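J.: Below: one structure in structure tokens.
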Amino acid sequence: MINDEIVIVATKNQGKVKEFARLLEKLNKQVRSLADVEHVPDIVEDANTFIENAEKKASIIAKHLNTTVIADDSGLCVDELNGAPGIYSARYAGEHGNDSLNNKKLLAELNKLSLEPNQNGCLSKAQFQCALALVNPASDEVIRVEASCEGWITNQPRGEHGFGYDPLFYLPQYEKTMAELDIEEKNKISHRANALKELYKVLNSNNG
Ligand SMILES: O=P(O)(O)OP(=O)(O)OP(=O)(O)OC[C@H]1O[C@@H](n2cnc3c(O)ncnc32)[C@H](O)[C@@H]1O
Ligand SMILES: [Mg+2]
């Protein structure tokens, strides 16, 4: 995979695709996603951890395409909600991938706790988490890595960039939400960028 010009990421999420494309472009690689695959097999994300879900997605697509594939399973873990929405992040409000309803539900759940906002208008610490699995179907090799990005949940959504919970994820060091950062800035600090760095470390060390 490290020598290939094309990297297949087993995701339907166009927000993730854009971020991977920008990150991998710097390594002269092009990204293909499930949008480029015909007859995508059903993938039920029913595992209990990010990494198991990532491995499941990568394995199914790697077998289907008979080539090496990376999958990303990620989500938001909010401290005051005991880690919710976690692995259920994409369907927190019921409907898969409805970012606006998911954000509303997150604020509603936090508002139920009657928390006092801090000086930045934030209600809880939180982390974005990202698990990446790379599966090579020829060798049955699996590489698993995980990384996170620390921040806070603000009570006012702000910003137009990114996707998912980015408008509610506040970064005190920038005094901005993740959705107020452009893709280049997000890719310097995000859980996804950090996980991809870890993956490349493993791949480079495996290559001697
Ligand atoms: O499974 P695939 O096809 O990759 O696409 P998905 O959107 O269902 O992806 P996940 O199962 O990994 O769920 C991830 C959810 O977590 C949230 N999320 C993950 N990374 C995020 C990010 O960088 N910014 C904002 N929200 C994010 C967002 O709600 C995603 O829908
Ligand atoms: Mg999913």
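By order in the structure tokens, chains are A, B, ...; within a chain, residues start at 1; ligands start at 1, following the order shown.
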8 Å from ligand 1 is the threshold here; counting only C-alpha atoms and all ligand atoms, which polymer residues fall inside it? Answer as a PyMOL selection string.

T.: chain A and resi 10-13+15-16+34+45+50+53-54+57+71-76+86-91+96-99+102+128-130+162-167+169+178+190-192

J.: Could the residues in this selection be written to a file with N, CA and C atoms, as a tab-separated table (two decimals), in the first residue's frame?

T.:
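selection21.tsv, written as the output of this step:
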chain	number	residue	atom	x	y	z
A	10	ALA	N	-12.50	2.56	2.58
A	10	ALA	CA	-13.83	1.95	2.56
A	10	ALA	C	-14.82	2.81	3.34
A	11	THR	N	-15.16	3.94	2.78
A	11	THR	CA	-16.13	4.81	3.46
A	11	THR	C	-17.13	5.39	2.46
A	12	LYS	N	-18.34	5.63	2.98
A	12	LYS	CA	-19.36	6.32	2.18
A	12	LYS	C	-19.43	7.79	2.56
A	13	ASN	N	-18.66	8.17	3.57
A	13	ASN	CA	-18.77	9.53	4.12
A	13	ASN	C	-17.87	10.49	3.31
A	15	GLY	N	-17.25	13.60	3.72
A	15	GLY	CA	-16.40	14.46	4.57
A	15	GLY	C	-15.07	13.77	4.86
A	16	LYS	N	-15.15	12.49	5.20
A	16	LYS	CA	-13.91	11.73	5.44
A	16	LYS	C	-13.09	11.65	4.16
A	34	LEU	N	-15.92	4.28	-1.41
A	34	LEU	CA	-17.02	3.39	-1.80
A	34	LEU	C	-17.91	4.02	-2.87
A	45	GLU	N	-22.38	-2.19	11.00
A	45	GLU	CA	-21.37	-1.78	12.00
A	45	GLU	C	-21.90	-2.12	13.39
A	50	PHE	N	-14.61	1.09	18.15
A	50	PHE	CA	-14.27	1.73	16.87
A	50	PHE	C	-13.38	0.81	16.04
A	53	ASN	N	-15.11	-2.18	14.42
A	53	ASN	CA	-15.94	-1.73	13.29
A	53	ASN	C	-15.07	-1.37	12.08
A	54	ALA	N	-13.94	-0.70	12.34
A	54	ALA	CA	-13.05	-0.34	11.24
A	54	ALA	C	-12.53	-1.59	10.55
A	57	LYS	N	-15.27	-3.19	8.37
A	57	LYS	CA	-15.49	-2.47	7.10
A	57	LYS	C	-14.34	-2.77	6.13
A	71	ALA	N	-10.08	1.27	6.32
A	71	ALA	CA	-11.39	1.80	6.75
A	71	ALA	C	-11.20	2.65	8.00
A	72	ASP	N	-12.09	3.60	8.16
A	72	ASP	CA	-12.07	4.55	9.28
A	72	ASP	C	-13.36	4.38	10.05
A	73	ASP	N	-13.26	4.10	11.34
A	73	ASP	CA	-14.45	4.20	12.18
A	73	ASP	C	-14.14	5.25	13.23
A	74	SER	N	-15.02	6.21	13.36
A	74	SER	CA	-14.70	7.34	14.21
A	74	SER	C	-15.95	7.84	14.91
A	75	GLY	N	-15.75	8.77	15.83
A	75	GLY	CA	-16.90	9.31	16.53
A	75	GLY	C	-16.48	10.27	17.62
A	76	LEU	N	-17.50	10.78	18.29
A	76	LEU	CA	-17.32	11.79	19.33
A	76	LEU	C	-17.66	11.18	20.68
A	86	GLY	N	-20.18	8.19	21.08
A	86	GLY	CA	-19.22	7.11	20.85
A	86	GLY	C	-19.43	6.38	19.54
A	87	ILE	N	-19.50	5.06	19.62
A	87	ILE	CA	-19.62	4.27	18.37
A	87	ILE	C	-20.97	4.49	17.69
A	88	TYR	N	-21.89	5.15	18.39
A	88	TYR	CA	-23.21	5.43	17.77
A	88	TYR	C	-23.27	6.83	17.17
A	89	SER	N	-22.13	7.49	17.02
A	89	SER	CA	-22.11	8.90	16.60
A	89	SER	C	-22.87	9.17	15.31
A	90	ALA	N	-22.75	8.29	14.32
A	90	ALA	CA	-23.37	8.55	13.02
A	90	ALA	C	-24.90	8.49	13.10
A	91	ARG	N	-25.43	7.77	14.07
A	91	ARG	CA	-26.89	7.57	14.15
A	91	ARG	C	-27.43	7.91	15.54
A	96	HIS	N	-29.32	7.57	10.14
A	96	HIS	CA	-27.88	7.50	9.87
A	96	HIS	C	-27.37	8.75	9.14
A	97	GLY	N	-26.35	9.35	9.71
A	97	GLY	CA	-25.64	10.43	9.03
A	97	GLY	C	-26.39	11.75	8.95
A	98	ASN	N	-27.44	11.94	9.78
A	98	ASN	CA	-28.13	13.24	9.78
A	98	ASN	C	-27.41	14.17	10.78
A	99	ASP	N	-26.43	14.92	10.25
A	99	ASP	CA	-25.56	15.72	11.11
A	99	ASP	C	-26.34	16.74	11.93
A	102	ASN	N	-28.24	15.07	14.70
A	102	ASN	CA	-27.28	14.56	15.70
A	102	ASN	C	-26.76	15.68	16.59
A	128	PHE	N	-12.72	13.61	19.86
A	128	PHE	CA	-12.98	12.87	18.64
A	128	PHE	C	-12.02	11.68	18.63
A	129	GLN	N	-12.53	10.53	18.25
A	129	GLN	CA	-11.66	9.35	18.16
A	129	GLN	C	-11.72	8.79	16.75
A	130	CYS	N	-10.61	8.26	16.32
A	130	CYS	CA	-10.56	7.64	14.98
A	130	CYS	C	-9.76	6.35	15.05
A	162	GLY	N	-16.05	21.26	7.32
A	162	GLY	CA	-16.06	19.95	7.94
A	162	GLY	C	-17.40	19.26	7.83
A	163	PHE	N	-17.71	18.40	8.81
A	163	PHE	CA	-18.95	17.64	8.79
A	163	PHE	C	-19.26	17.18	10.22
A	164	GLY	N	-20.34	16.44	10.36
A	164	GLY	CA	-20.66	15.80	11.64
A	164	GLY	C	-20.77	16.81	12.77
A	165	TYR	N	-20.07	16.54	13.85
A	165	TYR	CA	-20.16	17.36	15.06
A	165	TYR	C	-19.17	18.53	15.06
A	166	ASP	N	-18.51	18.78	13.93
A	166	ASP	CA	-17.50	19.84	13.90
A	166	ASP	C	-18.02	21.20	14.39
A	167	PRO	N	-19.28	21.60	14.09
A	167	PRO	CA	-19.73	22.93	14.55
A	167	PRO	C	-19.84	23.06	16.07
A	169	PHE	N	-17.71	21.33	18.21
A	169	PHE	CA	-16.44	20.89	18.82
A	169	PHE	C	-15.48	22.07	18.91
A	178	MET	N	-14.21	23.33	15.36
A	178	MET	CA	-13.56	22.58	14.27
A	178	MET	C	-14.15	23.00	12.92
A	190	SER	N	-6.48	16.88	13.51
A	190	SER	CA	-7.64	16.02	13.72
A	190	SER	C	-7.25	14.60	14.14
A	191	HIS	N	-8.22	13.92	14.75
A	191	HIS	CA	-8.10	12.50	15.10
A	191	HIS	C	-7.76	11.67	13.85
A	192	ARG	N	-8.35	12.02	12.72
A	192	ARG	CA	-8.14	11.27	11.47
A	192	ARG	C	-6.69	11.46	10.99

J.: I need the residues in stretch 14-159 of chain A that are alpha helix (DSSP H) according to DSSP; give them as a VMD selection string.

T.: chain A and resid 14 to 25 50 to 65 99 to 111

J.: Could you take the residues named above and write them with N, CA and C atoms, as a tab-separated table (two decimals), in the first residue's frame?

T.:
chain	number	residue	atom	x	y	z
A	14	GLN	N	-18.49	11.41	2.58
A	14	GLN	CA	-17.74	12.31	1.70
A	14	GLN	C	-16.86	13.29	2.49
A	15	GLY	N	-17.25	13.60	3.72
A	15	GLY	CA	-16.40	14.46	4.57
A	15	GLY	C	-15.07	13.77	4.86
A	16	LYS	N	-15.15	12.49	5.20
A	16	LYS	CA	-13.91	11.73	5.44
A	16	LYS	C	-13.09	11.65	4.16
A	17	VAL	N	-13.76	11.38	3.03
A	17	VAL	CA	-13.05	11.21	1.75
A	17	VAL	C	-12.23	12.46	1.44
A	18	LYS	N	-12.86	13.63	1.61
A	18	LYS	CA	-12.15	14.89	1.31
A	18	LYS	C	-10.91	15.04	2.18
A	19	GLU	N	-11.06	14.71	3.46
A	19	GLU	CA	-9.91	14.87	4.37
A	19	GLU	C	-8.80	13.90	4.02
A	20	PHE	N	-9.15	12.63	3.75
A	20	PHE	CA	-8.12	11.67	3.35
A	20	PHE	C	-7.46	12.10	2.05
A	21	ALA	N	-8.27	12.57	1.10
A	21	ALA	CA	-7.72	12.97	-0.21
A	21	ALA	C	-6.68	14.06	-0.02
A	22	ARG	N	-6.98	15.04	0.83
A	22	ARG	CA	-6.06	16.16	1.05
A	22	ARG	C	-4.80	15.69	1.78
A	23	LEU	N	-4.99	14.79	2.75
A	23	LEU	CA	-3.83	14.30	3.51
A	23	LEU	C	-2.92	13.45	2.63
A	24	LEU	N	-3.52	12.63	1.78
A	24	LEU	CA	-2.72	11.68	1.00
A	24	LEU	C	-2.15	12.29	-0.27
A	25	GLU	N	-2.78	13.38	-0.71
A	25	GLU	CA	-2.27	14.13	-1.87
A	25	GLU	C	-0.81	14.57	-1.61
A	50	PHE	N	-14.61	1.09	18.15
A	50	PHE	CA	-14.27	1.73	16.87
A	50	PHE	C	-13.38	0.81	16.04
A	51	ILE	N	-12.37	0.23	16.69
A	51	ILE	CA	-11.38	-0.52	15.91
A	51	ILE	C	-11.98	-1.79	15.31
A	52	GLU	N	-12.87	-2.45	16.06
A	52	GLU	CA	-13.50	-3.65	15.49
A	52	GLU	C	-14.39	-3.29	14.31
A	53	ASN	N	-15.11	-2.18	14.42
A	53	ASN	CA	-15.94	-1.73	13.29
A	53	ASN	C	-15.07	-1.37	12.08
A	54	ALA	N	-13.94	-0.70	12.34
A	54	ALA	CA	-13.05	-0.34	11.24
A	54	ALA	C	-12.53	-1.59	10.55
A	55	GLU	N	-12.14	-2.57	11.35
A	55	GLU	CA	-11.60	-3.80	10.76
A	55	GLU	C	-12.67	-4.54	9.96
A	56	LYS	N	-13.89	-4.52	10.47
A	56	LYS	CA	-14.99	-5.18	9.76
A	56	LYS	C	-15.21	-4.52	8.39
A	57	LYS	N	-15.27	-3.19	8.37
A	57	LYS	CA	-15.49	-2.47	7.10
A	57	LYS	C	-14.34	-2.77	6.13
A	58	ALA	N	-13.09	-2.69	6.64
A	58	ALA	CA	-11.93	-2.89	5.76
A	58	ALA	C	-11.90	-4.32	5.22
A	59	SER	N	-12.19	-5.30	6.07
A	59	SER	CA	-12.12	-6.72	5.65
A	59	SER	C	-13.14	-7.02	4.56
A	60	ILE	N	-14.37	-6.55	4.76
A	60	ILE	CA	-15.44	-6.86	3.79
A	60	ILE	C	-15.07	-6.26	2.42
A	61	ILE	N	-14.60	-5.02	2.42
A	61	ILE	CA	-14.31	-4.37	1.13
A	61	ILE	C	-13.01	-4.91	0.53
A	62	ALA	N	-12.04	-5.22	1.37
A	62	ALA	CA	-10.78	-5.79	0.85
A	62	ALA	C	-11.06	-7.12	0.16
A	63	LYS	N	-11.92	-7.95	0.75
A	63	LYS	CA	-12.27	-9.25	0.13
A	63	LYS	C	-13.04	-9.01	-1.16
A	64	HIS	N	-13.99	-8.07	-1.11
A	64	HIS	CA	-14.83	-7.78	-2.27
A	64	HIS	C	-13.97	-7.31	-3.46
A	65	LEU	N	-13.00	-6.46	-3.19
A	65	LEU	CA	-12.19	-5.87	-4.28
A	65	LEU	C	-10.90	-6.65	-4.51
A	99	ASP	N	-26.43	14.92	10.25
A	99	ASP	CA	-25.56	15.72	11.11
A	99	ASP	C	-26.34	16.74	11.93
A	100	SER	N	-27.31	17.39	11.27
A	100	SER	CA	-28.02	18.45	11.96
A	100	SER	C	-28.85	17.89	13.13
A	101	LEU	N	-29.54	16.78	12.91
A	101	LEU	CA	-30.31	16.16	14.02
A	101	LEU	C	-29.37	15.63	15.10
A	102	ASN	N	-28.24	15.07	14.70
A	102	ASN	CA	-27.28	14.56	15.70
A	102	ASN	C	-26.76	15.68	16.59
A	103	ASN	N	-26.46	16.83	15.98
A	103	ASN	CA	-25.98	17.97	16.77
A	103	ASN	C	-27.06	18.48	17.73
A	104	LYS	N	-28.30	18.53	17.23
A	104	LYS	CA	-29.41	18.97	18.10
A	104	LYS	C	-29.58	18.03	19.28
A	105	LYS	N	-29.51	16.73	19.00
A	105	LYS	CA	-29.68	15.73	20.07
A	105	LYS	C	-28.54	15.88	21.10
A	106	LEU	N	-27.32	16.11	20.61
A	106	LEU	CA	-26.19	16.26	21.53
A	106	LEU	C	-26.43	17.43	22.48
A	107	LEU	N	-26.86	18.57	21.93
A	107	LEU	CA	-27.12	19.72	22.80
A	107	LEU	C	-28.28	19.45	23.75
A	108	ALA	N	-29.31	18.77	23.25
A	108	ALA	CA	-30.47	18.46	24.11
A	108	ALA	C	-30.04	17.57	25.28
A	109	GLU	N	-29.20	16.58	25.01
A	109	GLU	CA	-28.75	15.68	26.08
A	109	GLU	C	-27.91	16.44	27.10
A	110	LEU	N	-27.06	17.35	26.63
A	110	LEU	CA	-26.23	18.12	27.56
A	110	LEU	C	-27.08	19.12	28.34
A	111	ASN	N	-28.07	19.72	27.67
A	111	ASN	CA	-28.93	20.69	28.36
A	111	ASN	C	-29.74	20.04	29.48

J.: Take atom CA of A:Glu184 and atom CA of A:Ala126 and report the distance between them in Å, one decimal.

T.: 21.8 Å

J.: Quick check for you: according to DSSP on this backbone, which residues of stretch 2-172 of chain A are classed as strand (DSSP E)? Reply as a PyMOL selection string.

T.: chain A and resi 6-8+30-32+69-78+122-136+141-154+169-171

J.: Just write the chosen residues, N, CA and C atoms, as a compact mmCIF listing (two decimals), in the first residue's frame.

T.:
# COMPACT_ATOMS: atom_id res chain seq x y z
N ILE A 6 -2.70 4.60 -5.66
CA ILE A 6 -4.11 4.75 -5.31
C ILE A 6 -4.39 4.06 -3.98
N VAL A 7 -5.06 4.79 -3.09
CA VAL A 7 -5.41 4.24 -1.78
C VAL A 7 -6.92 4.13 -1.72
N ILE A 8 -7.40 2.94 -1.36
CA ILE A 8 -8.86 2.75 -1.27
C ILE A 8 -9.28 2.88 0.19
N GLN A 30 -3.67 9.12 -4.62
CA GLN A 30 -5.07 9.47 -4.89
C GLN A 30 -5.97 8.54 -4.08
N VAL A 31 -7.09 9.08 -3.66
CA VAL A 31 -8.03 8.29 -2.85
C VAL A 31 -9.21 7.83 -3.69
N ARG A 32 -9.58 6.59 -3.51
CA ARG A 32 -10.86 6.08 -4.02
C ARG A 32 -11.67 5.64 -2.82
N VAL A 69 -7.19 -2.40 1.55
CA VAL A 69 -8.18 -1.35 1.82
C VAL A 69 -7.97 -0.81 3.24
N ILE A 70 -8.22 0.50 3.39
CA ILE A 70 -8.24 1.11 4.73
C ILE A 70 -9.69 1.45 5.07
N ALA A 71 -10.08 1.27 6.32
CA ALA A 71 -11.39 1.80 6.75
C ALA A 71 -11.20 2.65 8.00
N ASP A 72 -12.09 3.60 8.16
CA ASP A 72 -12.07 4.55 9.28
C ASP A 72 -13.36 4.38 10.05
N ASP A 73 -13.26 4.10 11.34
CA ASP A 73 -14.45 4.20 12.18
C ASP A 73 -14.14 5.25 13.23
N SER A 74 -15.02 6.21 13.36
CA SER A 74 -14.70 7.34 14.21
C SER A 74 -15.95 7.84 14.91
N GLY A 75 -15.75 8.77 15.83
CA GLY A 75 -16.90 9.31 16.53
C GLY A 75 -16.48 10.27 17.62
N LEU A 76 -17.50 10.78 18.29
CA LEU A 76 -17.32 11.79 19.33
C LEU A 76 -17.66 11.18 20.68
N CYS A 77 -16.78 11.36 21.66
CA CYS A 77 -17.03 10.87 23.01
C CYS A 77 -17.07 12.06 23.96
N VAL A 78 -18.20 12.26 24.61
CA VAL A 78 -18.40 13.45 25.44
C VAL A 78 -18.33 13.05 26.92
N CYS A 122 -18.63 26.59 26.95
CA CYS A 122 -18.55 25.14 26.71
C CYS A 122 -19.14 24.37 27.88
N LEU A 123 -19.74 23.22 27.53
CA LEU A 123 -20.48 22.44 28.52
C LEU A 123 -19.73 21.20 28.99
N SER A 124 -18.86 20.66 28.16
CA SER A 124 -18.17 19.42 28.55
C SER A 124 -16.90 19.24 27.74
N LYS A 125 -15.95 18.58 28.35
CA LYS A 125 -14.79 18.11 27.57
C LYS A 125 -15.26 16.99 26.65
N ALA A 126 -14.53 16.79 25.56
CA ALA A 126 -14.90 15.73 24.62
C ALA A 126 -13.67 15.34 23.80
N GLN A 127 -13.74 14.20 23.17
CA GLN A 127 -12.67 13.78 22.25
C GLN A 127 -13.30 13.24 20.99
N PHE A 128 -12.72 13.61 19.86
CA PHE A 128 -12.98 12.87 18.64
C PHE A 128 -12.02 11.68 18.63
N GLN A 129 -12.53 10.53 18.25
CA GLN A 129 -11.66 9.35 18.16
C GLN A 129 -11.72 8.79 16.75
N CYS A 130 -10.61 8.26 16.32
CA CYS A 130 -10.56 7.64 14.98
C CYS A 130 -9.76 6.35 15.05
N ALA A 131 -10.38 5.28 14.57
CA ALA A 131 -9.68 4.00 14.43
C ALA A 131 -9.53 3.72 12.94
N LEU A 132 -8.33 3.35 12.54
CA LEU A 132 -8.10 2.96 11.15
C LEU A 132 -7.64 1.51 11.12
N ALA A 133 -8.21 0.74 10.19
CA ALA A 133 -7.73 -0.62 9.97
C ALA A 133 -7.34 -0.75 8.51
N LEU A 134 -6.18 -1.33 8.29
CA LEU A 134 -5.74 -1.62 6.92
C LEU A 134 -5.73 -3.13 6.78
N VAL A 135 -6.41 -3.62 5.77
CA VAL A 135 -6.48 -5.08 5.55
C VAL A 135 -5.93 -5.42 4.18
N ASN A 136 -4.98 -6.34 4.17
CA ASN A 136 -4.45 -6.88 2.92
C ASN A 136 -5.00 -8.30 2.76
N GLU A 141 -2.95 -9.77 6.37
CA GLU A 141 -2.33 -8.80 7.28
C GLU A 141 -3.37 -7.74 7.68
N VAL A 142 -3.40 -7.41 8.97
CA VAL A 142 -4.25 -6.32 9.43
C VAL A 142 -3.39 -5.37 10.25
N ILE A 143 -3.48 -4.09 9.95
CA ILE A 143 -2.81 -3.09 10.80
C ILE A 143 -3.91 -2.26 11.42
N ARG A 144 -3.81 -2.08 12.75
CA ARG A 144 -4.84 -1.31 13.47
C ARG A 144 -4.16 -0.16 14.20
N VAL A 145 -4.71 1.03 14.04
CA VAL A 145 -4.18 2.19 14.79
C VAL A 145 -5.36 3.02 15.29
N GLU A 146 -5.11 3.78 16.35
CA GLU A 146 -6.16 4.66 16.88
C GLU A 146 -5.55 5.97 17.32
N ALA A 147 -6.32 7.03 17.22
CA ALA A 147 -5.85 8.34 17.68
C ALA A 147 -7.05 9.20 18.05
N SER A 148 -6.76 10.31 18.74
CA SER A 148 -7.87 11.17 19.17
C SER A 148 -7.52 12.63 19.00
N CYS A 149 -8.49 13.47 19.25
CA CYS A 149 -8.30 14.92 19.23
C CYS A 149 -9.15 15.47 20.38
N GLU A 150 -8.51 16.23 21.27
CA GLU A 150 -9.18 16.72 22.47
C GLU A 150 -9.84 18.08 22.24
N GLY A 151 -11.01 18.25 22.80
CA GLY A 151 -11.67 19.55 22.69
C GLY A 151 -12.81 19.65 23.69
N TRP A 152 -13.74 20.55 23.39
CA TRP A 152 -14.87 20.81 24.27
C TRP A 152 -16.14 20.88 23.43
N ILE A 153 -17.31 20.70 24.08
CA ILE A 153 -18.58 20.89 23.37
C ILE A 153 -19.15 22.25 23.76
N THR A 154 -19.33 23.09 22.75
CA THR A 154 -19.86 24.44 22.99
C THR A 154 -21.38 24.43 22.83
N PHE A 169 -17.71 21.33 18.21
CA PHE A 169 -16.44 20.89 18.82
C PHE A 169 -15.48 22.07 18.91
N TYR A 170 -15.32 22.58 20.12
CA TYR A 170 -14.56 23.82 20.34
C TYR A 170 -13.11 23.51 20.73
N LEU A 171 -12.20 24.25 20.09
CA LEU A 171 -10.77 24.07 20.34
C LEU A 171 -10.24 25.33 21.00

J.: Between A:Asp42, A:Glu80, A:Glu5, A:Asp36, single out the one closest to ligand 2, counting only C-alpha atoms and all ligand atoms.

T.: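 Closest to ligand 2 of all the choices is A:Asp42.
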
J.: In Å, how far is it from atom CA of A:Asn206 to atom CA of A:Ile183?

T.: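 Atom CA of A:Ile183 lies 29.7 Å from atom CA of A:Asn206.
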
J.: Counting only C-alpha atoms and all ligand atoms, which residue out of A:Ile2, A:Leu203, A:Ile43, A:Leu168 sits closest to ligand 2?

T.: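 Closest candidate: A:Ile43.
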
J.: Which residue, A:Glu198, A:Glu116, A:Glu185, A:Asp46, has the smallest gap to ligand 2 when you use only C-alpha atoms and all ligand atoms?

T.: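 Nearest to ligand 2: A:Asp46.
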
J.: Restricting the calculation to only C-alpha atoms and all ligand atoms, which member of A:Ala195, A:Val44, A:Ala35, A:Val9 is positioned closest to ligand 2?

T.: A:Val44

J.: Could you tell me how far atom CA of A:Ser205 lies from atom CA of A:Asn187, in Å and to one decimal?

T.: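 About the pair atom CA of A:Ser205 and atom CA of A:Asn187: they are 22.9 Å apart.
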
J.: Ranking A:Asn155, A:Tyr174, A:Ala47, A:Ser139 by minimum distance to ligand 2 and counting only C-alpha atoms and all ligand atoms, which one comes first?

T.: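 Checking each of A:Asn155, A:Tyr174, A:Ala47, A:Ser139 against ligand 2, counting only C-alpha atoms and all ligand atoms, the winner is A:Ala47.
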
J.: Taking only C-alpha atoms into account, name the residue in A:Pro157, A:Pro41, A:Pro137, A:Gly121 that is nearest to A:Pro172.

T.: A:Gly121
